[in-house]
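Structure file data_13.txt (compact mmCIF, C-alpha atoms) is printed below.
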# COMPACT_ATOMS: atom_id res chain seq x y z
CA MET A 1408 17.62 6.20 35.65
CA SER A 1409 17.27 3.08 33.55
CA VAL A 1410 19.91 1.19 31.63
CA VAL A 1411 19.27 0.85 27.90
CA ILE A 1412 19.31 -2.82 26.88
CA HIS A 1413 19.63 -3.87 23.24
CA ALA A 1414 17.06 -6.12 21.66
CA TYR A 1415 19.88 -8.19 20.05
CA ASP A 1416 17.95 -8.50 16.80
CA ASP A 1417 20.92 -7.38 14.75
CA HIS A 1418 23.52 -9.15 16.90
CA PRO A 1419 22.59 -12.82 17.11
CA HIS A 1420 26.08 -13.71 18.30
CA GLU A 1421 25.53 -11.65 21.42
CA GLN A 1422 22.27 -13.41 22.20
CA GLN A 1423 23.90 -16.77 21.58
CA HIS A 1424 26.21 -16.22 24.52
CA LEU A 1425 23.64 -14.97 27.00
CA SER A 1426 22.87 -18.48 28.15
CA SER A 1427 26.46 -19.03 29.20
CA ARG A 1428 27.24 -15.51 30.29
CA LYS A 1429 28.09 -16.33 33.88
CA LYS A 1430 31.27 -18.08 32.79
CA MET A 1431 32.08 -15.86 29.86
CA VAL A 1432 35.47 -14.19 29.80
CA ILE A 1433 35.60 -10.88 27.94
CA ASP A 1434 38.70 -8.83 27.26
CA ILE A 1435 37.25 -5.34 27.04
CA HIS A 1436 40.36 -3.64 25.67
CA ALA A 1437 42.37 -4.83 22.66
CA HIS A 1438 43.90 -2.93 19.77
CA PRO A 1439 43.89 -4.88 16.49
CA VAL A 1440 46.58 -2.62 15.02
CA ILE A 1441 48.83 -5.55 14.07
CA TYR A 1442 46.18 -8.20 13.43
CA GLY A 1443 47.37 -9.95 10.29
CA ALA A 1444 44.02 -9.74 8.52
CA ILE A 1445 44.21 -5.94 8.33
CA CYS A 1446 47.97 -5.70 7.76
CA GLN A 1447 48.02 -6.42 4.06
CA ASP A 1448 50.45 -3.73 2.96
CA LYS A 1449 53.73 -2.57 4.47
CA GLU A 1450 52.89 1.12 4.25
CA THR A 1451 49.80 0.71 6.44
CA VAL A 1452 51.71 -1.41 8.94
CA ALA A 1453 54.50 1.17 9.19
CA PHE A 1454 51.94 3.99 9.60
CA ARG A 1455 50.22 2.16 12.43
CA LYS A 1456 53.38 1.11 14.22
CA GLN A 1457 54.80 4.61 14.16
CA ASN A 1458 51.63 6.39 15.28
CA PHE A 1459 50.52 3.82 17.81
CA GLY A 1460 54.03 3.47 19.23
CA LEU A 1461 54.63 -0.20 18.42
CA TYR A 1462 57.87 0.27 16.43
CA LYS A 1463 59.66 -3.14 16.41
CA SER A 1464 56.47 -5.19 16.82
CA SER A 1465 55.34 -7.28 13.83
CA PRO A 1466 51.94 -8.25 12.40
CA THR A 1467 50.43 -11.30 14.06
CA PRO A 1468 48.85 -14.09 12.00
CA MET A 1469 45.16 -14.61 12.78
CA GLU A 1470 45.87 -18.31 13.41
CA GLN A 1471 48.09 -17.31 16.32
CA ILE A 1472 45.51 -14.88 17.68
CA PHE A 1473 42.77 -17.51 17.74
CA ARG A 1474 45.08 -20.11 19.27
CA VAL A 1475 46.02 -17.75 22.08
CA LEU A 1476 42.37 -16.91 22.76
CA ASP A 1477 41.47 -20.61 22.89
CA HIS A 1478 44.40 -21.45 25.11
CA ALA A 1479 43.81 -18.54 27.48
CA GLY A 1480 40.08 -19.19 27.74
CA VAL A 1481 39.12 -15.74 26.50
CA ASP A 1482 35.68 -16.04 24.94
CA LYS A 1483 35.33 -12.56 23.50
CA THR A 1484 37.58 -9.63 22.79
CA VAL A 1485 36.57 -6.02 22.22
CA LEU A 1486 38.49 -4.64 19.24
CA LEU A 1487 39.00 -0.89 19.23
CA ALA A 1488 39.15 1.32 16.16
CA GLU A 1489 41.39 4.40 16.34
CA ASP A 1490 40.63 7.56 14.36
CA TYR A 1491 42.77 10.71 14.43
CA SER A 1492 42.25 11.31 10.74
CA SER A 1493 41.98 15.10 10.96
CA ARG A 1494 45.70 15.15 11.74
CA MET A 1495 46.90 11.90 10.18
CA GLY A 1496 44.84 11.85 6.98
CA LYS A 1497 43.31 8.46 7.71
CA PRO A 1498 42.34 6.37 10.76
CA LEU A 1499 44.93 4.20 12.43
CA VAL A 1500 42.33 1.44 12.40
CA SER A 1501 39.06 2.27 10.66
CA ASN A 1502 35.55 1.30 11.67
CA GLN A 1503 35.25 -0.71 8.48
CA GLU A 1504 38.42 -2.64 9.31
CA VAL A 1505 37.06 -3.46 12.76
CA ARG A 1506 33.81 -4.60 11.15
CA SER A 1507 35.78 -6.87 8.80
CA LEU A 1508 37.57 -8.44 11.78
CA VAL A 1509 34.28 -9.00 13.60
CA ASP A 1510 32.97 -10.68 10.46
CA LEU A 1511 35.92 -13.10 10.58
CA ALA A 1512 34.80 -14.39 13.99
CA PRO A 1513 31.53 -12.81 15.16
CA GLU A 1514 31.36 -15.23 18.07
CA ARG A 1515 34.74 -13.98 19.34
CA PHE A 1516 35.06 -10.33 18.45
CA ILE A 1517 33.08 -7.26 19.49
CA GLY A 1518 33.79 -4.10 17.51
CA PHE A 1519 34.06 -0.59 18.92
CA ALA A 1520 34.02 2.40 16.59
CA SER A 1521 36.20 5.47 16.64
CA VAL A 1522 35.66 8.89 15.10
CA ASP A 1523 37.73 12.05 15.16
CA PRO A 1524 35.60 14.78 16.79
CA ARG A 1525 37.68 17.41 15.01
CA ASN A 1526 35.95 16.33 11.79
CA GLU A 1527 32.55 17.97 11.26
CA SER A 1528 31.11 14.66 10.10
CA ALA A 1529 32.08 12.83 13.30
CA ALA A 1530 28.56 12.36 14.69
CA ASP A 1531 27.23 11.17 11.34
CA GLU A 1532 30.14 8.74 11.00
CA LEU A 1533 29.44 7.41 14.47
CA ARG A 1534 25.74 6.92 13.76
CA TYR A 1535 26.71 5.03 10.61
CA ALA A 1536 29.18 2.89 12.55
CA PHE A 1537 26.47 1.93 15.04
CA GLN A 1538 23.48 1.58 12.78
CA GLU A 1539 25.00 0.34 9.52
CA LEU A 1540 28.24 -1.36 10.59
CA GLY A 1541 26.68 -2.75 13.77
CA LEU A 1542 29.54 -1.71 16.03
CA SER A 1543 28.90 -1.97 19.74
CA GLY A 1544 30.53 1.03 21.36
CA LEU A 1545 32.88 3.99 20.93
CA LYS A 1546 36.59 4.34 21.72
CA LEU A 1547 38.00 7.81 22.42
CA ASN A 1548 41.50 8.80 23.50
CA PRO A 1549 41.48 12.42 24.75
CA SER A 1550 45.27 12.37 25.03
CA HIS A 1551 45.79 11.52 21.39
CA LEU A 1552 42.98 13.91 20.38
CA GLN A 1553 44.57 16.53 22.60
CA MET A 1554 41.24 17.70 23.96
CA ARG A 1555 39.69 17.54 27.39
CA PRO A 1556 36.76 15.18 27.93
CA ASP A 1557 34.43 18.19 28.38
CA ASP A 1558 35.34 19.64 24.97
CA GLU A 1559 32.24 20.88 23.11
CA ARG A 1560 33.18 18.82 20.04
CA LEU A 1561 32.73 15.62 22.02
CA LYS A 1562 29.26 16.36 23.32
CA PRO A 1563 27.28 15.31 20.20
CA LEU A 1564 29.07 11.95 20.42
CA TYR A 1565 28.17 11.55 24.09
CA GLN A 1566 24.58 12.46 23.30
CA LEU A 1567 24.38 9.90 20.52
CA CYS A 1568 25.90 7.13 22.64
CA GLN A 1569 23.51 7.86 25.49
CA GLU A 1570 20.55 7.96 23.10
CA LEU A 1571 21.46 4.62 21.48
CA GLY A 1572 22.65 2.95 24.67
CA LYS A 1573 26.19 2.47 23.39
CA PRO A 1574 29.11 2.50 25.87
CA ILE A 1575 32.29 4.53 25.52
CA LEU A 1576 35.75 3.27 26.38
CA PHE A 1577 37.92 6.27 27.19
CA HIS A 1578 41.63 6.13 27.37
CA ALA A 1579 42.44 7.50 30.87
CA GLY A 1580 45.74 8.26 32.59
CA MET A 1581 49.10 7.74 30.91
CA SER A 1582 48.98 7.10 27.18
CA TRP A 1583 51.78 5.08 25.64
CA GLU A 1584 50.95 6.51 22.21
CA PRO A 1585 53.30 9.22 20.89
CA ASP A 1586 52.17 12.85 20.86
CA SER A 1587 49.53 12.09 23.52
CA PRO A 1588 49.91 14.21 26.66
CA SER A 1589 48.43 12.57 29.72
CA LYS A 1590 47.04 15.84 31.08
CA TYR A 1591 44.00 15.50 28.80
CA ALA A 1592 43.04 12.15 30.29
CA ARG A 1593 43.31 12.71 34.01
CA PRO A 1594 40.37 10.81 35.55
CA ILE A 1595 38.92 13.79 37.42
CA LEU A 1596 38.31 15.47 34.05
CA PHE A 1597 35.70 12.82 33.23
CA GLU A 1598 33.49 13.73 36.18
CA ASP A 1599 31.59 16.35 34.20
CA VAL A 1600 30.75 13.71 31.60
CA ALA A 1601 29.31 11.48 34.32
CA VAL A 1602 27.27 14.39 35.68
CA ASP A 1603 25.99 15.69 32.34
CA TYR A 1604 25.23 12.25 30.81
CA PRO A 1605 23.98 10.18 33.74
CA ASP A 1606 22.73 7.29 31.58
CA LEU A 1607 25.93 7.03 29.55
CA ARG A 1608 28.01 3.96 30.41
CA PHE A 1609 31.69 4.69 30.12
CA CYS A 1610 34.94 3.02 31.08
CA LEU A 1611 38.12 4.70 32.25
CA ALA A 1612 40.76 2.46 30.76
CA HIS A 1613 44.02 1.58 32.50
CA LEU A 1614 42.39 2.42 35.88
CA GLY A 1615 43.45 5.95 34.98
CA TRP A 1616 47.02 5.12 36.06
CA PRO A 1617 48.81 6.80 37.77
CA TRP A 1618 45.74 8.62 39.16
CA ILE A 1619 44.08 5.45 40.40
CA ASP A 1620 42.47 7.08 43.44
CA GLU A 1621 40.66 9.61 41.24
CA THR A 1622 39.32 6.71 39.18
CA VAL A 1623 38.18 4.91 42.33
CA MET A 1624 36.31 8.03 43.44
CA LEU A 1625 34.38 8.13 40.15
CA LEU A 1626 33.67 4.39 40.26
CA LEU A 1627 32.25 4.77 43.77
CA LYS A 1628 30.09 7.77 43.06
CA TYR A 1629 28.73 7.28 39.55
CA ARG A 1630 26.60 4.28 38.68
CA HIS A 1631 27.58 3.94 35.01
CA VAL A 1632 31.32 4.59 35.32
CA TYR A 1633 33.60 1.55 34.94
CA ALA A 1634 37.34 0.94 34.72
CA ASP A 1635 39.49 -1.74 33.11
CA THR A 1636 42.65 -3.50 34.18
CA ALA A 1637 44.79 -2.57 31.16
CA THR A 1638 47.36 -0.98 33.40
CA VAL A 1639 50.37 -3.29 33.74
CA TYR A 1640 53.04 -0.71 33.04
CA MET A 1641 55.64 -2.21 35.36
CA GLY A 1642 56.52 -5.74 36.43
CA SER A 1643 54.55 -8.91 35.78
CA PRO A 1644 50.73 -8.89 35.81
CA LYS A 1645 50.72 -11.16 38.84
CA ASP A 1646 52.94 -8.88 40.91
CA TYR A 1647 51.41 -5.70 39.57
CA TYR A 1648 47.77 -6.58 40.30
CA ARG A 1649 48.66 -7.72 43.78
CA GLN A 1650 50.38 -4.39 44.36
CA ILE A 1651 47.43 -2.37 42.99
CA PHE A 1652 44.47 -4.30 44.42
CA MET A 1653 45.97 -5.69 47.63
CA ASP A 1654 48.56 -3.10 48.67
CA HIS A 1655 47.71 0.26 47.10
CA MET A 1656 44.03 -0.43 47.72
CA ASP A 1657 42.80 -2.22 50.78
CA PRO A 1658 41.67 -5.74 49.69
CA GLY A 1659 38.13 -4.74 50.64
CA TRP A 1660 38.04 -2.00 48.02
CA LEU A 1661 37.77 -4.46 45.14
CA GLN A 1662 35.87 -7.22 46.91
CA ASN A 1663 33.26 -5.10 48.67
CA ASN A 1664 33.06 -1.83 46.78
CA LEU A 1665 34.34 -2.05 43.21
CA PHE A 1666 33.38 -5.65 42.40
CA SER A 1667 30.83 -4.56 39.80
CA LYS A 1668 32.97 -1.81 38.27
CA ILE A 1669 36.31 -3.34 37.27
CA MET A 1670 36.62 -5.18 33.95
CA TYR A 1671 39.35 -7.43 32.57
CA GLY A 1672 41.17 -5.50 29.85
CA SER A 1673 44.55 -6.46 28.47
CA ASN A 1674 45.53 -3.54 26.22
CA TYR A 1675 46.76 -6.10 23.67
CA PRO A 1676 49.30 -5.94 22.04
CA ARG A 1677 51.05 -3.93 24.73
CA PHE A 1678 50.30 -6.73 27.20
CA ARG A 1679 49.53 -10.34 26.45
CA GLN A 1680 45.91 -11.30 27.03
CA GLU A 1681 46.69 -14.66 28.63
CA ARG A 1682 49.17 -13.19 31.09
CA VAL A 1683 46.90 -10.35 32.19
CA LYS A 1684 44.10 -12.85 32.77
CA ALA A 1685 46.42 -15.14 34.73
CA GLY A 1686 47.51 -12.18 36.87
CA LEU A 1687 43.90 -11.39 37.75
CA GLU A 1688 43.10 -15.03 38.44
CA ALA A 1689 46.03 -15.19 40.87
CA LEU A 1690 44.57 -12.46 43.09
CA PRO A 1691 43.51 -13.76 46.53
CA ILE A 1692 39.90 -12.65 46.13
CA ARG A 1693 36.49 -14.38 46.11
CA ASP A 1694 35.58 -16.43 43.02
CA ASP A 1695 32.40 -14.43 42.42
CA VAL A 1696 34.46 -11.24 42.22
CA LYS A 1697 36.87 -12.88 39.77
CA ARG A 1698 33.93 -13.94 37.57
CA ALA A 1699 32.56 -10.41 37.68
CA VAL A 1700 35.89 -8.87 36.72
CA LEU A 1701 36.64 -11.41 34.00
CA GLY A 1702 33.31 -11.15 32.20
CA GLU A 1703 30.09 -10.35 34.02
CA ASN A 1704 30.81 -6.65 34.46
CA ALA A 1705 31.66 -6.35 30.78
CA GLN A 1706 28.26 -7.77 29.89
CA VAL A 1707 26.60 -4.98 31.85
CA PHE A 1708 28.91 -2.38 30.35
CA LEU A 1709 28.10 -3.65 26.85
CA GLY A 1710 24.39 -3.38 27.58
CA TRP A 1711 23.73 -7.10 27.32
CA LYS A 1712 22.65 -7.44 30.91
CA GLU A 1713 21.04 -5.08 33.41
CA ASP A 1714 23.10 -4.06 36.38
CA ARG A 1715 21.95 -4.95 39.89
CA TYR A 1716 22.30 -1.47 41.27
CA ASP A 1717 21.87 -1.22 45.01
CA MET B 89 76.56 -26.97 -2.34
CA ILE B 90 74.28 -25.30 0.20
CA LYS B 91 70.50 -25.63 0.39
CA LEU B 92 68.48 -23.46 2.82
CA THR B 93 64.77 -23.90 3.52
CA THR B 94 62.52 -22.03 5.96
CA HIS B 95 59.79 -23.77 7.95
CA GLU B 96 56.96 -22.60 10.24
CA VAL B 97 55.57 -24.08 13.41
CA CYS B 98 52.89 -22.89 15.85
CA SER B 99 52.70 -24.50 19.28
CA THR B 100 49.50 -25.17 21.18
CA GLU B 101 51.06 -24.59 24.61
CA GLU B 102 53.29 -21.93 26.15
CA PHE B 103 56.03 -24.59 26.57
CA GLN B 104 56.03 -27.26 23.92
CA MET B 105 58.52 -29.69 22.38
CA VAL B 106 57.50 -30.13 18.76
CA ILE B 107 59.13 -33.06 16.93
CA ILE B 108 60.43 -31.96 13.53
CA THR B 109 62.52 -35.03 12.62
CA GLU B 110 60.45 -35.88 9.55
CA GLN B 111 60.67 -32.33 8.23
CA VAL B 112 64.47 -32.43 8.56
CA LYS B 113 64.68 -35.84 6.85
CA LYS B 114 62.59 -34.58 3.93
CA ALA B 115 64.60 -31.36 3.60
CA VAL B 116 67.82 -33.40 3.45
CA GLU B 117 66.42 -35.77 0.83
CA ASP B 118 65.01 -32.91 -1.25
CA SER B 119 68.30 -30.99 -1.11
CA GLY B 120 70.10 -33.22 -3.57
CA ILE B 121 73.15 -33.21 -1.31
CA ARG B 122 74.73 -36.61 -0.87
CA ASP B 123 77.36 -36.18 1.84
CA GLY B 124 77.75 -33.36 4.35
CA VAL B 125 75.94 -31.92 7.37
CA VAL B 126 72.57 -30.42 8.16
CA PHE B 127 72.06 -27.49 10.48
CA ILE B 128 68.66 -26.93 12.09
CA ILE B 129 68.50 -23.35 13.39
CA THR B 130 65.74 -21.41 15.13
CA ALA B 131 64.99 -17.85 14.03
CA HIS B 132 64.02 -16.70 17.54
CA THR B 133 65.43 -15.85 20.96
CA THR B 134 62.84 -17.62 23.11
CA THR B 135 62.92 -20.99 21.34
CA SER B 136 65.49 -23.72 20.83
CA ILE B 137 66.41 -26.65 18.64
CA MET B 138 67.08 -29.76 20.70
CA ILE B 139 67.89 -33.43 20.14
CA ASN B 140 66.70 -35.98 22.64
CA GLU B 141 64.70 -39.16 23.04
CA SER B 142 61.03 -38.59 22.39
CA LEU B 143 59.67 -40.33 25.45
CA PRO B 144 56.93 -38.43 27.32
CA CYS B 145 58.72 -39.02 30.63
CA VAL B 146 61.98 -37.56 29.28
CA GLU B 147 60.12 -34.61 27.82
CA LYS B 148 58.47 -33.99 31.21
CA ASP B 149 61.84 -34.17 32.96
CA ILE B 150 63.30 -31.66 30.51
CA GLU B 151 60.37 -29.30 31.05
CA HIS B 152 60.44 -29.64 34.85
CA THR B 153 64.20 -29.23 35.06
CA LEU B 154 64.17 -26.09 32.94
CA GLU B 155 61.28 -24.73 35.02
CA ARG B 156 63.20 -25.43 38.21
CA LEU B 157 66.29 -23.67 36.85
CA VAL B 158 64.33 -20.74 35.37
CA PRO B 159 61.02 -20.41 37.24
CA HIS B 160 58.05 -18.88 35.43
CA ASP B 161 57.43 -16.51 38.35
CA GLY B 162 61.04 -15.63 39.07
CA ASP B 163 62.38 -12.14 39.66
CA TYR B 164 63.63 -10.85 36.30
CA VAL B 165 64.76 -7.45 35.02
CA HIS B 166 63.23 -8.15 31.61
CA THR B 167 59.71 -7.57 33.01
CA ARG B 168 59.00 -4.06 31.90
CA MET B 169 57.61 -1.85 29.15
CA LEU B 170 60.00 -1.74 26.22
CA HIS B 171 60.02 1.59 24.41
CA SER B 172 61.50 -0.01 21.29
CA TYR B 173 58.51 -2.35 20.96
CA GLY B 174 55.76 -0.39 22.67
CA THR B 175 54.87 -3.60 24.47
CA CYS B 176 55.58 -5.19 27.83
CA SER B 177 58.38 -7.76 27.97
CA GLY B 178 57.81 -10.41 30.60
CA ASN B 179 59.28 -13.37 28.71
CA ALA B 180 62.64 -13.53 30.48
CA PRO B 181 62.19 -17.26 31.25
CA GLY B 182 61.91 -17.94 27.53
CA HIS B 183 65.12 -16.06 26.77
CA LEU B 184 67.01 -17.85 29.54
CA LYS B 185 65.76 -21.32 28.61
CA SER B 186 66.69 -20.61 25.01
CA MET B 187 70.18 -19.63 26.15
CA LEU B 188 70.53 -22.87 28.10
CA CYS B 189 69.33 -25.10 25.27
CA GLY B 190 70.90 -23.34 22.31
CA ASN B 191 69.66 -22.14 18.96
CA HIS B 192 70.74 -25.01 16.66
CA MET B 193 71.67 -28.64 16.18
CA VAL B 194 73.94 -30.32 13.61
CA LEU B 195 73.69 -33.86 12.21
CA PRO B 196 75.53 -35.78 9.50
CA VAL B 197 74.20 -36.39 6.00
CA GLN B 198 75.33 -39.57 4.27
CA ASN B 199 74.21 -41.04 0.96
CA GLY B 200 71.53 -38.33 0.72
CA LYS B 201 69.96 -39.30 4.05
CA LEU B 202 69.89 -37.81 7.54
CA VAL B 203 72.02 -39.80 9.96
CA CYS B 204 70.36 -40.06 13.37
CA GLY B 205 70.96 -42.29 16.38
CA ALA B 206 68.18 -44.76 17.12
CA ALA B 207 66.96 -42.79 20.14
CA GLN B 208 67.37 -39.37 18.61
CA ASP B 209 64.55 -37.08 17.63
CA ILE B 210 64.85 -33.45 16.65
CA TYR B 211 62.69 -30.91 18.46
CA PHE B 212 61.69 -27.33 17.89
CA VAL B 213 61.16 -26.17 21.48
CA GLU B 214 58.83 -23.29 22.24
CA PHE B 215 59.41 -21.47 25.55
CA ASP B 216 57.19 -18.44 24.97
CA GLY B 217 54.13 -19.62 23.06
CA LEU B 218 51.77 -19.48 21.51
CA LYS B 219 53.33 -17.94 18.42
CA VAL B 220 53.89 -18.70 14.77
CA ARG B 221 57.63 -19.42 14.58
CA LYS B 222 60.28 -20.02 11.94
CA TYR B 223 63.26 -22.32 11.78
CA PHE B 224 65.83 -22.95 9.10
CA ILE B 225 67.17 -26.20 7.73
CA GLU B 226 70.47 -25.68 5.98
CA VAL B 227 72.09 -28.64 4.25
CA MET B 228 75.77 -28.28 3.29
CA GLY B 229 77.89 -30.78 1.39
CA GLU B 230 78.68 -32.47 -1.89
CA ASN B 231 76.22 -33.89 -4.38
As structure tokens, what does this structure read like?
Amino acid sequence: MSVVIHAYDDHPHEQQHLSSRKKMVIDIHAHPVIYGAICQDKETVAFRKQNFGLYKSSPTPMEQIFRVLDHAGVDKTVLLAEDYSSRMGKPLVSNQEVRSLVDLAPERFIGFASVDPRNESAADELRYAFQELGLSGLKLNPSHLQMRPDDERLKPLYQLCQELGKPILFHAGMSWEPDSPSKYARPILFEDVAVDYPDLRFCLAHLGWPWIDETVMLLLKYRHVYADTATVYMGSPKDYYRQIFMDHMDPGWLQNNLFSKIMYGSNYPRFRQERVKAGLEALPIRDDVKRAVLGENAQVFLGWKEDRYD
Amino acid sequence: MIKLTTHEVCSTEEFQMVIITEQVKKAVEDSGIRDGVVFIITAHTTTSIMINESLPCVEKDIEHTLERLVPHDGDYVHTRMLHSYGTCSGNAPGHLKSMLCGNHMVLPVQNGKLVCGAAQDIYFVEFDGLKVRKYFIEVMGEN
């Protein structure tokens, strides 16, 4: 099976960074729900906070966001749209809003689309998001959609992503969002997707916590399955990652087996990007594995770079 | 007479002492108040208002002493997911340093001017940056 690589013609900012990709740091998992640039009216902000479960959090000025990225040394951030419009009437964050954020800083932001598979137009909307809005991947949360990953309504989206070489970032494991049962996102449920769409690159976010071992099984067995580190649900990132990667797993799991499969993801704004990165950097692991986790694996996942599958 | 103004500051470091003396002087002069006091008050729980001598060595000693008292990597209860925010806490050191340093300072106003000692500068101190922050300057007195 071959990996589909984009020609970059319509994404010059991606090509621009290829020369420095070995040192690039990419946060693969951020929600722009309270980014100031798309929080222009109070009604929208209240709608997002309630349905995303952010409650007392406040919109963040873009100046602050860029300062944090500069200070933390995060070169690029994947911004995720969220669409449950069949139940909510409108997306939490629309594809167009993500596009507008990417346009603010195309050298810093990568946009992922979202569509609600319960809408008949979902596949058409996704094709539009990829081909007209230039978005780079798809975000799906089975828990919030309340459907299993093998639901028939999702299959046209998988087919389209595989055909166009676009990755999917799945929410997996516990969802902090309200009205989002975790049973729909248990990692083992994604195995059929890996079997039926062998060229489809997809990421199980949050390491599928608390079912981390199921996630590890899929990472080991399936070439195009990845996971991200957006999983600090308890304690500080430094303590938590040590517990997960050094205690729960044997240290050799990450360094010798999963080094090409784990990606830095913060789950901003639930966790601060700079602190998650610092927690990963504090792990007592080889520097080449840290570089892979912090950015190189994301480049493969995004289709910018071919994997070295052995 | 009371005159309240709101000001913004955004640090470039997680811990930063930002000198705001000139902003306070201007707010006092613009207030039209001739004799009284000025309060400088932070709007946050992980920042402080401080007065000290703006020497880099003193600033370093303040930072190092606070870090020694409240270590960045200490064992804190406030390191958990907060249901009320939907976000992880993890900024206990900022809260504790803010508690130690206080949320405000007060200085005299005389003849429409801020009265400061020769070695005194006023700082907005960020313990949990980088964030856009607010502080208040409230001048109270007679015109």
Starting from chain A, keep only residues with some atom at most 8 Å from an atom of chain B, counting only C-alpha atoms, and report them as a ChimeraX atom specification. /A:1460-1464,1468,1471,1474-1475,1478,1583,1640-1643,1676-1678
Can I get the selection written as a compact mmCIF listing (two decimals), keeping the file's coordinate frame, with C-alpha atoms?
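Here's the written file result.txt:
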# COMPACT_ATOMS: atom_id res chain seq x y z
CA GLY A 1460 54.03 3.47 19.23
CA LEU A 1461 54.63 -0.20 18.42
CA TYR A 1462 57.87 0.27 16.43
CA LYS A 1463 59.66 -3.14 16.41
CA SER A 1464 56.47 -5.19 16.82
CA PRO A 1468 48.85 -14.09 12.00
CA GLN A 1471 48.09 -17.31 16.32
CA ARG A 1474 45.08 -20.11 19.27
CA VAL A 1475 46.02 -17.75 22.08
CA HIS A 1478 44.40 -21.45 25.11
CA TRP A 1583 51.78 5.08 25.64
CA TYR A 1640 53.04 -0.71 33.04
CA MET A 1641 55.64 -2.21 35.36
CA GLY A 1642 56.52 -5.74 36.43
CA SER A 1643 54.55 -8.91 35.78
CA PRO A 1676 49.30 -5.94 22.04
CA ARG A 1677 51.05 -3.93 24.73
CA PHE A 1678 50.30 -6.73 27.20
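If you count only C-alpha atoms and ignore residues fewer than 6 places along the chain from Ile225 (chain B), what sits within 9 Å of it is Lys91, Leu92, Thr93, Thr94, His95, Gln111, Val112, Ala115, Val116, Val126, Phe127, Ile128, Ile129 and Thr130 of chain B.
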Each region 1628-1705 of chain A residue no farther than 7 Å from region 1597-1620 of chain A, nearest pair in Å, only C-alpha atoms, as a Markdown table:
| residue | atom | partner | partner_atom | distance |
| --- | --- | --- | --- | --- |
| A:Tyr1629 | CA | A:Ala1601 | CA | 6.7 |
| A:His1631 | CA | A:Arg1608 | CA | 4.6 |
| A:Val1632 | CA | A:Phe1609 | CA | 5.2 |
| A:Tyr1633 | CA | A:Cys1610 | CA | 4.3 |
| A:Ala1634 | CA | A:Leu1611 | CA | 4.6 |
| A:Asp1635 | CA | A:Ala1612 | CA | 5.0 |
| A:Thr1636 | CA | A:His1613 | CA | 5.5 |
| A:Ala1637 | CA | A:His1613 | CA | 4.4 |
| A:Thr1638 | CA | A:His1613 | CA | 4.3 |
Go ahead and find all residues with at least one atom no further than 9 Å from (34.6, 12.5, 15.5) in the file's coordinates, using all atoms listed in the file; report them as a list of chain:residue names. A:Asp1490, A:Tyr1491, A:Ser1521, A:Val1522, A:Asp1523, A:Pro1524, A:Arg1525, A:Asn1526, A:Glu1527, A:Ser1528, A:Ala1529, A:Ala1530, A:Asp1531, A:Glu1532, A:Leu1533, A:Arg1560, A:Leu1561, A:Leu1564
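Relative to CA of Met1624 (chain A), CA of Gly1580 (chain A) is found at 14.4 Å.
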Give the answer as one residue: which of B:Glu96, B:His192, B:Asp216, B:Val197 has the shortest atom-to-atom distance to Arg1679 (chain A), using all atoms listed in the file? B:Asp216
Would you list the contacts of Asp123 (chain B) as a PyMOL selection string, taking every protein, DNA or RNA residue within 8 Å and counting all atoms listed in the file, but skipping same-chain residues closer than 3 positions in sequence? chain B and resi 196-200+229-231
Written file, previous selection with C-alpha atoms, as a CSV table (one decimal), in the frame of the given file:
chain,number,residue,atom,x,y,z
B,196,PRO,CA,75.5,-35.8,9.5
B,197,VAL,CA,74.2,-36.4,6.0
B,198,GLN,CA,75.3,-39.6,4.3
B,199,ASN,CA,74.2,-41.0,1.0
B,200,GLY,CA,71.5,-38.3,0.7
B,229,GLY,CA,77.9,-30.8,1.4
B,230,GLU,CA,78.7,-32.5,-1.9
B,231,ASN,CA,76.2,-33.9,-4.4
Given the choices B:Lys201, B:His132, B:Lys185, B:Arg156, which gets closest to Phe103 (chain B) if the distance is worked out from only C-alpha atoms? B:Lys185
Can you take region 172-178 of chain B from the block and write N, CA and C atoms as a CSV table (one decimal), in the first residue's frame?
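Wrote it out as result_39.csv, contents follow:
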chain,number,residue,atom,x,y,z
B,172,SER,N,-15.9,23.3,36.1
B,172,SER,CA,-16.5,24.7,35.9
B,172,SER,C,-15.9,25.4,34.7
B,173,TYR,N,-14.7,25.1,34.4
B,173,TYR,CA,-14.0,25.7,33.2
B,173,TYR,C,-14.0,24.8,32.0
B,174,GLY,N,-14.0,23.5,32.2
B,174,GLY,CA,-13.7,22.6,31.1
B,174,GLY,C,-12.3,22.5,30.7
B,175,THR,N,-11.4,23.1,31.6
B,175,THR,CA,-10.0,23.1,31.3
B,175,THR,C,-9.2,22.6,32.5
B,176,CYS,N,-7.9,22.2,32.2
B,176,CYS,CA,-7.1,21.8,33.3
B,176,CYS,C,-6.6,23.0,34.1
B,177,SER,N,-6.5,22.8,35.4
B,177,SER,CA,-5.9,23.9,36.2
B,177,SER,C,-4.4,23.9,36.0
B,178,GLY,N,-3.6,23.7,37.0
B,178,GLY,CA,-2.2,23.5,36.9
B,178,GLY,C,-1.4,24.8,37.0
